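Visitor: Mind having a look at this structure? Questions to follow.
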2 protein chains.
Amino acid sequence: MPAKENLRPGGRSARVQASVHNAVRSLLKSMDRADVTIPLIAAEAGVTPSTIYRRWGELQELLADVAVERLRPDMLPIDTGSARGDLEVWTEQYCEEMSSGVGRDMMRDVLAAQDNANACKCDAFTREQIALIADRARDRGEYFPDIDAVMDGVVAPIIYRILFGEMPSIERVRDLVTNVLAAASTRPPRPASAPISG
Amino acid sequence: MPAKENLRPGGRSARVQASVHNAVRSLLKSMDRADVTIPLIAAEAGVTPSTIYRRWGELQELLADVAVERLRPDMLPIDTGSARGDLEVWTEQYCEEMSSGVGRDMMRDVLAAQDNANACKCDAFTREQIALIADRARDRGEYFPDIDAVMDGVVAPIIYRILFGEMPSIERVRDLVTNVLAAASTRPPRPASAPISG
DNA sequence: GCGCTAAAAGCAAATAATTTGCGTTAATGG
DNA sequence: CCATTAACGCAAATTATTTGCTTTTAGCGC
């Protein structure tokens with residue numbers, strides 16, 4: 001678990017991290033992921049392999065580390081003028097990104113790592129985006145479901161299907177959005193979940 | 001993709017496969033998964049490492065192969081006399097198994113492999129179990145939702161939360177079951193999904 | 001059953017990845 | 001500016017993976 005944060009943020013360390021991340025991204029673009037090795041990354045980044053081994057431990061952790069950065073949302077959800085429109089557009093884009101080859105690879109990298117901190121981060125990113133849409137809806141005076149209801153009703157089914165072999169169709173995605181919005185005003189809020197230890 | 005099926009099912013090959021699988025299970029019981037290596041497994045199984053390399057390619061594929069066998073349901077869903085009872089009991093047990101340390105490790109192994117055939121198999125196992133419950137409900141003349149609705153409404157949220165860091169509480173699980181059953185008689189069936197290629 | 005064919009396994013040498021000890025560089029805190 | 005020490009680089013030692021070749025044996029036609 002010797003990853004990322006709470007290491008010396010100063011010049012060299014940060015430079016090495018950036019260089020290694022760039023090397024990974026660059027190599028993943030030009031070759032099959034199965035052929036990417038730590039010595040290769042080290043050469044591309046201009047560092048010695050042992051630096052990578054000591055900092056990330058395994059290739060899997062490094063890949064997860066890079067993937068989670070790429071999964072970080074880089075823009076605000078598009079404002080369409082209505083909660084339904086916002087959620088529909090965001091969901092379709094999310095689904096498309098996640099079900100693309102690149103998206104699925106990144107998700108696999110994040111989930112394959114021992115350390116589940118990266119997976120939690122991805123979940124947090126998604127919740128933040130939905131919270132932004134929810135805030136806008138509230139500002140407009142519109143109903144909007146609980147974040148958890150959207151996670152259960154829209155995000156989870158999409159991710160499950162992508163991970164377990166079926167690509168959700170756009171019709172299904174729209175349907176999920178419709179159902180969660182329809183249920184929003186009729187269902188009571190749900191009980192909270194407990195965080196996982198390991 | 002030199003895995004599992006359509007290899008010589010006869011004596012030696014099968015014996016080696018069984019021996020290797022047993023070795024993996026045994027080693028995973030007694031030590032940390034991070035310390036399990038192919039040479040170790042080979043020694044435990046009494047085969048040469050190159051046999052494992054040629055047959056499974058990577059440790060990850062072998063682990064996925066073993067995990068999917070352990071995830072295969074070994075019993076029929078308990079018959080409680082009602083659809084709601086059947087689904088509730090099955091779901092609680094499923095959730096408990098999957099969120100245990102062993103369950104999460106197996107799921108990770110299955111999802112981490114390049115080959116997504118194992119993930120598809122897990123999905124199929126789950127659908128079969130739900131189909132059995134649905135058949136029983138139909139025989140009793142009870143309503144029962146579409147398998148896809150149960151996958152979306154119950155299974156996906158549970159798995160998503162386990163994978164992405166939150167353990168679903170038993171209350172939430174019951175709530176998911178309640179909601180999918182409540183929706184069963186009011187919602188139209190959903191459009192189908194397309195299979196994934198890679 | 002008997003032998004033929006080829007898939008799968010064993011063996012060992014060659015290659016590649018990972019770990020480790022130790023000296024060096026440079027970020028951080030006083 | 002100096003002391004401290006985390007992070008890095010280097011190289012040797014260890015361990016894992018690949019590969020060419022040989023041997024075993026399952027599957028199949030006779």
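The way I read the labels, and the way they are meant: chains A, B, ... in the order of the structure tokens, residue 1 as the first residue of every chain, and ligand 1 as the first ligand shown, with later ones counted on from there.
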Could you name the residues that touch D:DC28 at 12 Å or less, counting only C-alpha atoms (C1' of nucleotides), but leaving out those on the same chain fewer than 4 positions away, as a compact mmCIF listing (two decimals) with N, CA and C atoms (P, O5', C5', C4', C3', O3' and C1' of nucleotides), in the first residue's frame?
Guide:
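What ended up in result_38.txt:
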```txt
# COMPACT_ATOMS: atom_id res chain seq x y z
P DC C 2 -3.15 -55.52 -28.13
O5' DC C 2 -3.33 -54.62 -29.42
C5' DC C 2 -3.38 -55.20 -30.74
C4' DC C 2 -2.69 -54.26 -31.70
C3' DC C 2 -1.45 -53.59 -31.13
O3' DC C 2 -0.46 -53.55 -32.14
C1' DC C 2 -3.09 -51.94 -31.65
P DG C 3 0.98 -52.96 -31.87
O5' DG C 3 0.92 -51.63 -32.73
C5' DG C 3 0.62 -51.69 -34.13
C4' DG C 3 0.16 -50.33 -34.60
C3' DG C 3 1.22 -49.22 -34.49
O3' DG C 3 1.15 -48.45 -35.68
C1' DG C 3 -0.74 -48.53 -33.41
P DC C 4 2.37 -47.58 -36.18
O5' DC C 4 1.66 -46.23 -36.64
C5' DC C 4 0.36 -46.28 -37.24
C4' DC C 4 -0.32 -44.91 -37.11
C3' DC C 4 0.63 -43.72 -37.11
O3' DC C 4 0.15 -42.77 -38.05
C1' DC C 4 -0.78 -43.66 -35.18
P DT C 5 0.95 -41.38 -38.33
O5' DT C 5 0.21 -40.38 -37.34
C5' DT C 5 -1.21 -40.23 -37.42
C4' DT C 5 -1.64 -39.05 -36.57
C3' DT C 5 -0.65 -37.88 -36.55
O3' DT C 5 -1.39 -36.68 -36.71
C1' DT C 5 -1.06 -38.64 -34.33
P DA C 6 -0.64 -35.24 -36.73
O5' DA C 6 -1.06 -34.63 -35.33
C5' DA C 6 -2.43 -34.70 -34.91
C4' DA C 6 -2.49 -34.36 -33.45
C3' DA C 6 -1.72 -33.08 -33.07
O3' DA C 6 -2.39 -32.48 -31.98
C1' DA C 6 -0.87 -34.86 -31.85
```
Visitor: May I have chain A as a PDB file with C-alpha atoms, in the first residue's frame, after a least-squares superposition on chain B that uses all C-alpha atoms paired in order?
Guide:
```pdb
ATOM      1  CA  MET A   1      -6.890 -17.342 -23.520  1.00  0.00           C
ATOM      2  CA  PRO A   2      -5.739 -20.939 -23.362  1.00  0.00           C
ATOM      3  CA  ALA A   3      -8.102 -21.803 -20.548  1.00  0.00           C
ATOM      4  CA  LYS A   4     -10.270 -24.582 -19.244  1.00  0.00           C
ATOM      5  CA  GLU A   5     -12.711 -26.108 -21.693  1.00  0.00           C
ATOM      6  CA  ASN A   6     -12.160 -27.705 -25.097  1.00  0.00           C
ATOM      7  CA  LEU A   7      -8.909 -29.293 -24.079  1.00  0.00           C
ATOM      8  CA  ARG A   8      -8.449 -33.025 -23.844  1.00  0.00           C
ATOM      9  CA  PRO A   9     -10.862 -34.035 -21.143  1.00  0.00           C
ATOM     10  CA  GLY A  10      -9.196 -37.420 -20.700  1.00  0.00           C
ATOM     11  CA  GLY A  11      -7.342 -38.718 -17.682  1.00  0.00           C
ATOM     12  CA  ARG A  12      -4.058 -36.904 -17.311  1.00  0.00           C
ATOM     13  CA  SER A  13      -5.138 -33.467 -18.392  1.00  0.00           C
ATOM     14  CA  ALA A  14      -8.114 -33.518 -16.064  1.00  0.00           C
ATOM     15  CA  ARG A  15      -5.957 -34.835 -13.259  1.00  0.00           C
ATOM     16  CA  VAL A  16      -3.478 -32.002 -13.676  1.00  0.00           C
ATOM     17  CA  GLN A  17      -6.257 -29.422 -13.758  1.00  0.00           C
ATOM     18  CA  ALA A  18      -7.835 -30.789 -10.600  1.00  0.00           C
ATOM     19  CA  SER A  19      -4.488 -30.971  -8.869  1.00  0.00           C
ATOM     20  CA  VAL A  20      -3.656 -27.377  -9.759  1.00  0.00           C
ATOM     21  CA  HIS A  21      -7.076 -26.120  -8.696  1.00  0.00           C
ATOM     22  CA  ASN A  22      -6.743 -27.925  -5.394  1.00  0.00           C
ATOM     23  CA  ALA A  23      -3.291 -26.500  -4.886  1.00  0.00           C
ATOM     24  CA  VAL A  24      -4.601 -22.987  -5.441  1.00  0.00           C
ATOM     25  CA  ARG A  25      -7.490 -23.442  -3.036  1.00  0.00           C
ATOM     26  CA  SER A  26      -5.217 -24.936  -0.445  1.00  0.00           C
ATOM     27  CA  LEU A  27      -2.615 -22.183  -0.728  1.00  0.00           C
ATOM     28  CA  LEU A  28      -5.209 -19.426  -0.626  1.00  0.00           C
ATOM     29  CA  LYS A  29      -6.452 -20.846   2.652  1.00  0.00           C
ATOM     30  CA  SER A  30      -3.071 -20.884   4.308  1.00  0.00           C
ATOM     31  CA  MET A  31      -1.404 -17.723   3.029  1.00  0.00           C
ATOM     32  CA  ASP A  32      -1.857 -14.222   1.719  1.00  0.00           C
ATOM     33  CA  ARG A  33      -2.939 -14.074  -1.925  1.00  0.00           C
ATOM     34  CA  ALA A  34      -0.131 -11.642  -2.697  1.00  0.00           C
ATOM     35  CA  ASP A  35       2.402 -14.347  -1.827  1.00  0.00           C
ATOM     36  CA  VAL A  36       0.874 -17.037  -4.017  1.00  0.00           C
ATOM     37  CA  THR A  37       3.014 -17.567  -7.109  1.00  0.00           C
ATOM     38  CA  ILE A  38       2.879 -19.976 -10.004  1.00  0.00           C
ATOM     39  CA  PRO A  39       6.057 -21.840  -9.017  1.00  0.00           C
ATOM     40  CA  LEU A  40       4.565 -22.290  -5.554  1.00  0.00           C
ATOM     41  CA  ILE A  41       1.314 -23.625  -6.921  1.00  0.00           C
ATOM     42  CA  ALA A  42       3.218 -25.930  -9.243  1.00  0.00           C
ATOM     43  CA  ALA A  43       5.223 -27.367  -6.369  1.00  0.00           C
ATOM     44  CA  GLU A  44       2.102 -27.874  -4.268  1.00  0.00           C
ATOM     45  CA  ALA A  45       0.304 -29.525  -7.184  1.00  0.00           C
ATOM     46  CA  GLY A  46       3.250 -31.679  -8.160  1.00  0.00           C
ATOM     47  CA  VAL A  47       3.513 -30.359 -11.709  1.00  0.00           C
ATOM     48  CA  THR A  48       6.116 -28.241 -13.409  1.00  0.00           C
ATOM     49  CA  PRO A  49       5.563 -24.478 -13.595  1.00  0.00           C
ATOM     50  CA  SER A  50       5.713 -24.443 -17.374  1.00  0.00           C
ATOM     51  CA  THR A  51       2.609 -26.599 -17.513  1.00  0.00           C
ATOM     52  CA  ILE A  52       0.698 -23.898 -15.673  1.00  0.00           C
ATOM     53  CA  TYR A  53       2.174 -21.104 -17.741  1.00  0.00           C
ATOM     54  CA  ARG A  54       1.243 -22.839 -20.962  1.00  0.00           C
ATOM     55  CA  ARG A  55      -2.251 -23.676 -19.885  1.00  0.00           C
ATOM     56  CA  TRP A  56      -3.325 -20.531 -18.072  1.00  0.00           C
ATOM     57  CA  GLY A  57      -0.789 -17.961 -19.176  1.00  0.00           C
ATOM     58  CA  GLU A  58      -0.983 -15.805 -16.084  1.00  0.00           C
ATOM     59  CA  LEU A  59      -1.660 -16.263 -12.411  1.00  0.00           C
ATOM     60  CA  GLN A  60      -4.648 -13.962 -12.790  1.00  0.00           C
ATOM     61  CA  GLU A  61      -6.349 -16.285 -15.275  1.00  0.00           C
ATOM     62  CA  LEU A  62      -5.778 -19.283 -13.066  1.00  0.00           C
ATOM     63  CA  LEU A  63      -7.157 -17.469 -10.042  1.00  0.00           C
ATOM     64  CA  ALA A  64     -10.213 -16.413 -12.036  1.00  0.00           C
ATOM     65  CA  ASP A  65     -10.669 -19.974 -13.179  1.00  0.00           C
ATOM     66  CA  VAL A  66     -10.595 -21.276  -9.629  1.00  0.00           C
ATOM     67  CA  ALA A  67     -12.781 -18.474  -8.311  1.00  0.00           C
ATOM     68  CA  VAL A  68     -15.573 -19.025 -10.805  1.00  0.00           C
ATOM     69  CA  GLU A  69     -15.834 -22.639  -9.753  1.00  0.00           C
ATOM     70  CA  ARG A  70     -16.177 -21.604  -6.147  1.00  0.00           C
ATOM     71  CA  LEU A  71     -18.847 -19.097  -7.096  1.00  0.00           C
ATOM     72  CA  ARG A  72     -20.960 -21.764  -8.783  1.00  0.00           C
ATOM     73  CA  PRO A  73     -24.114 -22.196  -6.686  1.00  0.00           C
ATOM     74  CA  ASP A  74     -24.152 -25.554  -4.954  1.00  0.00           C
ATOM     75  CA  MET A  75     -27.779 -25.648  -3.878  1.00  0.00           C
ATOM     76  CA  LEU A  76     -31.286 -24.651  -4.908  1.00  0.00           C
ATOM     77  CA  PRO A  77     -32.675 -21.416  -3.487  1.00  0.00           C
ATOM     78  CA  ILE A  78     -34.528 -22.179  -0.262  1.00  0.00           C
ATOM     79  CA  ASP A  79     -38.267 -22.592  -0.688  1.00  0.00           C
ATOM     80  CA  THR A  80     -40.003 -20.426   1.882  1.00  0.00           C
ATOM     81  CA  GLY A  81     -43.476 -20.768   0.418  1.00  0.00           C
ATOM     82  CA  SER A  82     -43.687 -17.314  -1.158  1.00  0.00           C
ATOM     83  CA  ALA A  83     -41.905 -15.374  -3.857  1.00  0.00           C
ATOM     84  CA  ARG A  84     -41.085 -12.551  -1.489  1.00  0.00           C
ATOM     85  CA  GLY A  85     -39.675 -14.923   1.097  1.00  0.00           C
ATOM     86  CA  ASP A  86     -37.659 -16.850  -1.479  1.00  0.00           C
ATOM     87  CA  LEU A  87     -36.149 -13.716  -2.957  1.00  0.00           C
ATOM     88  CA  GLU A  88     -35.470 -12.139   0.415  1.00  0.00           C
ATOM     89  CA  VAL A  89     -33.702 -15.175   1.811  1.00  0.00           C
ATOM     90  CA  TRP A  90     -31.737 -15.808  -1.344  1.00  0.00           C
ATOM     91  CA  THR A  91     -30.683 -12.166  -1.605  1.00  0.00           C
ATOM     92  CA  GLU A  92     -29.532 -11.952   1.980  1.00  0.00           C
ATOM     93  CA  GLN A  93     -27.451 -15.074   1.624  1.00  0.00           C
ATOM     94  CA  TYR A  94     -26.019 -13.916  -1.691  1.00  0.00           C
ATOM     95  CA  CYS A  95     -25.095 -10.560  -0.244  1.00  0.00           C
ATOM     96  CA  GLU A  96     -23.461 -12.147   2.753  1.00  0.00           C
ATOM     97  CA  GLU A  97     -21.383 -14.526   0.665  1.00  0.00           C
ATOM     98  CA  MET A  98     -20.304 -11.859  -1.774  1.00  0.00           C
ATOM     99  CA  SER A  99     -19.390  -9.274   0.810  1.00  0.00           C
ATOM    100  CA  SER A 100     -17.300 -11.644   2.891  1.00  0.00           C
ATOM    101  CA  GLY A 101     -13.553 -11.415   2.444  1.00  0.00           C
ATOM    102  CA  VAL A 102     -13.495 -14.635   0.462  1.00  0.00           C
ATOM    103  CA  GLY A 103     -16.379 -13.543  -1.733  1.00  0.00           C
ATOM    104  CA  ARG A 104     -14.842 -10.197  -2.539  1.00  0.00           C
ATOM    105  CA  ASP A 105     -11.510 -11.811  -3.350  1.00  0.00           C
ATOM    106  CA  MET A 106     -13.173 -14.255  -5.718  1.00  0.00           C
ATOM    107  CA  MET A 107     -15.109 -11.509  -7.423  1.00  0.00           C
ATOM    108  CA  ARG A 108     -11.951  -9.471  -7.830  1.00  0.00           C
ATOM    109  CA  ASP A 109     -10.159 -12.458  -9.309  1.00  0.00           C
ATOM    110  CA  VAL A 110     -12.940 -12.999 -11.812  1.00  0.00           C
ATOM    111  CA  LEU A 111     -13.108  -9.347 -12.838  1.00  0.00           C
ATOM    112  CA  ALA A 112      -9.352  -8.833 -12.962  1.00  0.00           C
ATOM    113  CA  ALA A 113      -8.795 -11.484 -15.624  1.00  0.00           C
ATOM    114  CA  GLN A 114      -8.359 -10.414 -19.243  1.00  0.00           C
ATOM    115  CA  ASP A 115     -10.850 -12.987 -20.340  1.00  0.00           C
ATOM    116  CA  ASN A 116     -14.352 -11.889 -19.357  1.00  0.00           C
ATOM    117  CA  ALA A 117     -15.864 -15.317 -19.967  1.00  0.00           C
ATOM    118  CA  ASN A 118     -15.637 -16.074 -16.281  1.00  0.00           C
ATOM    119  CA  ALA A 119     -17.495 -12.918 -15.366  1.00  0.00           C
ATOM    120  CA  CYS A 120     -20.251 -13.858 -17.801  1.00  0.00           C
ATOM    121  CA  LYS A 121     -20.455 -17.253 -16.149  1.00  0.00           C
ATOM    122  CA  CYS A 122     -20.961 -15.672 -12.738  1.00  0.00           C
ATOM    123  CA  ASP A 123     -23.744 -13.538 -14.115  1.00  0.00           C
ATOM    124  CA  ALA A 124     -25.313 -16.639 -15.635  1.00  0.00           C
ATOM    125  CA  PHE A 125     -25.149 -18.500 -12.301  1.00  0.00           C
ATOM    126  CA  THR A 126     -26.984 -15.682 -10.585  1.00  0.00           C
ATOM    127  CA  ARG A 127     -29.630 -15.480 -13.284  1.00  0.00           C
ATOM    128  CA  GLU A 128     -30.230 -19.205 -13.052  1.00  0.00           C
ATOM    129  CA  GLN A 129     -30.852 -18.998  -9.346  1.00  0.00           C
ATOM    130  CA  ILE A 130     -33.283 -16.138  -9.787  1.00  0.00           C
ATOM    131  CA  ALA A 131     -34.980 -17.972 -12.636  1.00  0.00           C
ATOM    132  CA  LEU A 132     -35.589 -20.904 -10.297  1.00  0.00           C
ATOM    133  CA  ILE A 133     -37.268 -18.604  -7.814  1.00  0.00           C
ATOM    134  CA  ALA A 134     -39.277 -17.034 -10.626  1.00  0.00           C
ATOM    135  CA  ASP A 135     -40.404 -20.449 -11.873  1.00  0.00           C
ATOM    136  CA  ARG A 136     -41.586 -21.432  -8.434  1.00  0.00           C
ATOM    137  CA  ALA A 137     -43.485 -18.160  -8.132  1.00  0.00           C
ATOM    138  CA  ARG A 138     -45.136 -18.761 -11.485  1.00  0.00           C
ATOM    139  CA  ASP A 139     -46.086 -22.298 -10.434  1.00  0.00           C
ATOM    140  CA  ARG A 140     -47.740 -20.860  -7.356  1.00  0.00           C
ATOM    141  CA  GLY A 141     -49.559 -18.310  -9.501  1.00  0.00           C
ATOM    142  CA  GLU A 142     -47.689 -15.387  -7.933  1.00  0.00           C
ATOM    143  CA  TYR A 143     -46.427 -12.301  -9.722  1.00  0.00           C
ATOM    144  CA  PHE A 144     -42.714 -12.149 -10.263  1.00  0.00           C
ATOM    145  CA  PRO A 145     -40.607  -9.490 -11.945  1.00  0.00           C
ATOM    146  CA  ASP A 146     -38.484 -10.003 -15.015  1.00  0.00           C
ATOM    147  CA  ILE A 147     -35.069 -11.533 -14.333  1.00  0.00           C
ATOM    148  CA  ASP A 148     -33.515  -8.367 -15.734  1.00  0.00           C
ATOM    149  CA  ALA A 149     -35.497  -6.255 -13.306  1.00  0.00           C
ATOM    150  CA  VAL A 150     -34.143  -8.298 -10.411  1.00  0.00           C
ATOM    151  CA  MET A 151     -30.618  -8.049 -11.747  1.00  0.00           C
ATOM    152  CA  ASP A 152     -30.928  -4.274 -12.072  1.00  0.00           C
ATOM    153  CA  GLY A 153     -32.881  -3.696  -8.909  1.00  0.00           C
ATOM    154  CA  VAL A 154     -31.282  -6.105  -6.470  1.00  0.00           C
ATOM    155  CA  VAL A 155     -28.112  -7.795  -7.704  1.00  0.00           C
ATOM    156  CA  ALA A 156     -26.446  -4.825  -9.384  1.00  0.00           C
ATOM    157  CA  PRO A 157     -26.766  -2.428  -6.426  1.00  0.00           C
ATOM    158  CA  ILE A 158     -25.400  -5.052  -4.056  1.00  0.00           C
ATOM    159  CA  ILE A 159     -22.430  -5.909  -6.243  1.00  0.00           C
ATOM    160  CA  TYR A 160     -21.692  -2.291  -7.063  1.00  0.00           C
ATOM    161  CA  ARG A 161     -21.519  -1.381  -3.394  1.00  0.00           C
ATOM    162  CA  ILE A 162     -19.340  -4.331  -2.516  1.00  0.00           C
ATOM    163  CA  LEU A 163     -16.921  -3.564  -5.325  1.00  0.00           C
ATOM    164  CA  PHE A 164     -16.785   0.170  -4.777  1.00  0.00           C
ATOM    165  CA  GLY A 165     -16.291   0.202  -1.074  1.00  0.00           C
ATOM    166  CA  GLU A 166     -19.557   0.168   0.811  1.00  0.00           C
ATOM    167  CA  MET A 167     -21.027  -2.893   2.420  1.00  0.00           C
ATOM    168  CA  PRO A 168     -24.804  -2.950   1.932  1.00  0.00           C
ATOM    169  CA  SER A 169     -26.698  -3.226   5.190  1.00  0.00           C
ATOM    170  CA  ILE A 170     -29.360  -5.866   5.627  1.00  0.00           C
ATOM    171  CA  GLU A 171     -32.007  -3.182   5.738  1.00  0.00           C
ATOM    172  CA  ARG A 172     -30.942  -1.853   2.379  1.00  0.00           C
ATOM    173  CA  VAL A 173     -30.998  -5.327   0.906  1.00  0.00           C
ATOM    174  CA  ARG A 174     -34.535  -5.919   2.140  1.00  0.00           C
ATOM    175  CA  ASP A 175     -35.493  -2.557   0.766  1.00  0.00           C
ATOM    176  CA  LEU A 176     -34.157  -3.447  -2.660  1.00  0.00           C
ATOM    177  CA  VAL A 177     -36.196  -6.624  -2.674  1.00  0.00           C
ATOM    178  CA  THR A 178     -39.317  -4.786  -1.560  1.00  0.00           C
ATOM    179  CA  ASN A 179     -38.949  -2.190  -4.286  1.00  0.00           C
ATOM    180  CA  VAL A 180     -38.384  -4.638  -7.083  1.00  0.00           C
ATOM    181  CA  LEU A 181     -41.398  -6.669  -6.029  1.00  0.00           C
ATOM    182  CA  ALA A 182     -43.536  -3.564  -5.690  1.00  0.00           C
ATOM    183  CA  ALA A 183     -42.580  -2.454  -9.177  1.00  0.00           C
ATOM    184  CA  ALA A 184     -43.130  -5.917 -10.650  1.00  0.00           C
ATOM    185  CA  SER A 185     -46.811  -5.606 -11.342  1.00  0.00           C
ATOM    186  CA  THR A 186     -46.789  -1.956 -12.410  1.00  0.00           C
ATOM    187  CA  ARG A 187     -43.817  -1.590 -14.784  1.00  0.00           C
ATOM    188  CA  PRO A 188     -43.649  -2.698 -18.409  1.00  0.00           C
ATOM    189  CA  PRO A 189     -40.912  -5.184 -19.416  1.00  0.00           C
ATOM    190  CA  ARG A 190     -37.595  -3.651 -20.449  1.00  0.00           C
ATOM    191  CA  PRO A 191     -35.732  -3.760 -23.774  1.00  0.00           C
ATOM    192  CA  ALA A 192     -32.964  -6.344 -24.084  1.00  0.00           C
ATOM    193  CA  SER A 193     -29.209  -5.717 -23.952  1.00  0.00           C
ATOM    194  CA  ALA A 194     -26.597  -6.486 -26.569  1.00  0.00           C
ATOM    195  CA  PRO A 195     -23.740  -8.906 -25.818  1.00  0.00           C
ATOM    196  CA  ILE A 196     -20.221  -7.489 -25.557  1.00  0.00           C
ATOM    197  CA  SER A 197     -17.650  -8.433 -28.165  1.00  0.00           C
ATOM    198  CA  GLY A 198     -14.200  -8.204 -26.493  1.00  0.00           C
TER     199      GLY A 198
END
```
Visitor: Report as a PDB file with C-alpha atoms (C1' of nucleotides), in the first residue's frame all protein, DNA and RNA residues lying within 12 Å of C:DC22, evaluated on only C-alpha atoms (C1' of nucleotides), omitting residues in the same chain fewer than 6 positions from it.
Guide:
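Wrote it out as part25.pdb, contents follow:
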```pdb
ATOM      1  C1'  DG D   9      19.901   5.235  -8.403  1.00  0.00           C
ATOM      2  C1'  DC D  10      22.855   1.373  -9.059  1.00  0.00           C
ATOM      3  C1'  DA D  11      24.184  -3.314  -9.138  1.00  0.00           C
ATOM      4  C1'  DA D  12      24.190  -7.904  -7.317  1.00  0.00           C
TER       5       DA D  12
END
```
Visitor: Taking only C-alpha atoms (C1' of nucleotides) into account, find every residue of chain C that has an atom no more than 12 Å from chain B, and write it out as a list in words.
Guide: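 The complete set of qualifying residues is DA6, DA7, DA8, DA9, DG10, DC11 and DA12 of chain C.
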Visitor: Put those residues in a file: N, CA and C atoms (P, O5', C5', C4', C3', O3' and C1' of nucleotides), as a tab-separated table (two decimals), in the first residue's frame.
Guide:
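Below you can see out_1.tsv, which holds the result:
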```tsv
chain	number	residue	atom	x	y	z
C	6	DA	P	-0.64	-35.24	-36.73
C	6	DA	O5'	-1.06	-34.63	-35.33
C	6	DA	C5'	-2.43	-34.70	-34.91
C	6	DA	C4'	-2.49	-34.36	-33.45
C	6	DA	C3'	-1.72	-33.08	-33.07
C	6	DA	O3'	-2.39	-32.48	-31.98
C	6	DA	C1'	-0.87	-34.86	-31.85
C	7	DA	P	-2.37	-30.91	-31.86
C	7	DA	O5'	-3.19	-30.72	-30.50
C	7	DA	C5'	-4.19	-31.68	-30.14
C	7	DA	C4'	-4.06	-32.02	-28.66
C	7	DA	C3'	-3.70	-30.83	-27.78
C	7	DA	O3'	-4.40	-30.98	-26.55
C	7	DA	C1'	-2.05	-32.50	-27.54
C	8	DA	P	-4.45	-29.75	-25.54
C	8	DA	O5'	-3.49	-30.26	-24.38
C	8	DA	C5'	-3.82	-31.43	-23.65
C	8	DA	C4'	-2.63	-31.88	-22.85
C	8	DA	C3'	-2.04	-30.81	-21.94
C	8	DA	O3'	-2.00	-31.32	-20.63
C	8	DA	C1'	-0.35	-31.91	-23.15
C	9	DA	P	-1.39	-30.47	-19.43
C	9	DA	O5'	-0.01	-31.22	-19.15
C	9	DA	C5'	-0.05	-32.60	-18.77
C	9	DA	C4'	1.37	-33.12	-18.64
C	9	DA	C3'	2.24	-32.29	-17.69
C	9	DA	O3'	2.83	-33.13	-16.72
C	9	DA	C1'	3.31	-32.57	-19.80
C	10	DG	P	3.74	-32.52	-15.59
C	10	DG	O5'	5.20	-32.82	-16.16
C	10	DG	C5'	5.60	-34.16	-16.36
C	10	DG	C4'	7.04	-34.20	-16.85
C	10	DG	C3'	8.03	-33.44	-15.96
C	10	DG	O3'	9.14	-34.28	-15.72
C	10	DG	C1'	8.22	-32.71	-18.22
C	11	DC	P	10.21	-33.89	-14.61
C	11	DC	O5'	11.41	-33.29	-15.46
C	11	DC	C5'	11.86	-33.97	-16.62
C	11	DC	C4'	12.90	-33.12	-17.33
C	11	DC	C3'	13.73	-32.23	-16.40
C	11	DC	O3'	15.10	-32.46	-16.69
C	11	DC	C1'	12.87	-30.97	-18.19
C	12	DA	P	16.28	-31.93	-15.73
C	12	DA	O5'	17.03	-30.87	-16.66
C	12	DA	C5'	17.01	-31.03	-18.07
C	12	DA	C4'	17.50	-29.74	-18.71
C	12	DA	C3'	18.35	-28.86	-17.79
C	12	DA	O3'	19.27	-28.16	-18.61
C	12	DA	C1'	16.47	-27.65	-18.42
```
Visitor: Distance table requested - chain D against chain A, cut-off 8 Å, only C-alpha atoms (C1' of nucleotides): one row per qualifying residue with the closest atom pair and its distance in Å to one decimal, ordered by chain and rising residue number, as a Markdown table.
Guide:
```
| residue | atom | partner | partner_atom | distance |
| --- | --- | --- | --- | --- |
| D:DA6 | C1' | A:Arg8 | CA | 7.4 |
| D:DA7 | C1' | A:Ser13 | CA | 7.0 |
| D:DC8 | C1' | A:Thr51 | CA | 6.6 |
| D:DG9 | C1' | A:Thr48 | CA | 6.7 |
```
Visitor: Run DSSP on the backbone and grab whatever in chain A lands in strand (DSSP E); send it over as a list in words.
Guide: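 Across chain A, those assigned strand (DSSP E) are Glu166, Met167, Ala194 and Pro195 of chain A.
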Visitor: Any chance you could tabulate, as a tab-separated table, the residues of chain D at most 8 Å from stretch 15-18 of chain C with each one's nearest atom pair and distance in Å to one decimal, using only C-alpha atoms (C1' of nucleotides), in chain and rising number order?
Guide:
```
residue	atom	partner	partner_atom	distance
D:DT15	C1'	C:DT18	C1'	7.1
D:DA16	C1'	C:DA17	C1'	6.7
D:DT17	C1'	C:DA16	C1'	7.0
D:DT18	C1'	C:DT15	C1'	7.1
```
Visitor: Report the residues of stretch 52-189 of chain B whose backbone DSSP state falls under alpha helix (DSSP H), written as a ChimeraX atom specification.
Guide: /B:52-56,59-71,83-99,101-112,117-140,147-150,156-163,170-184
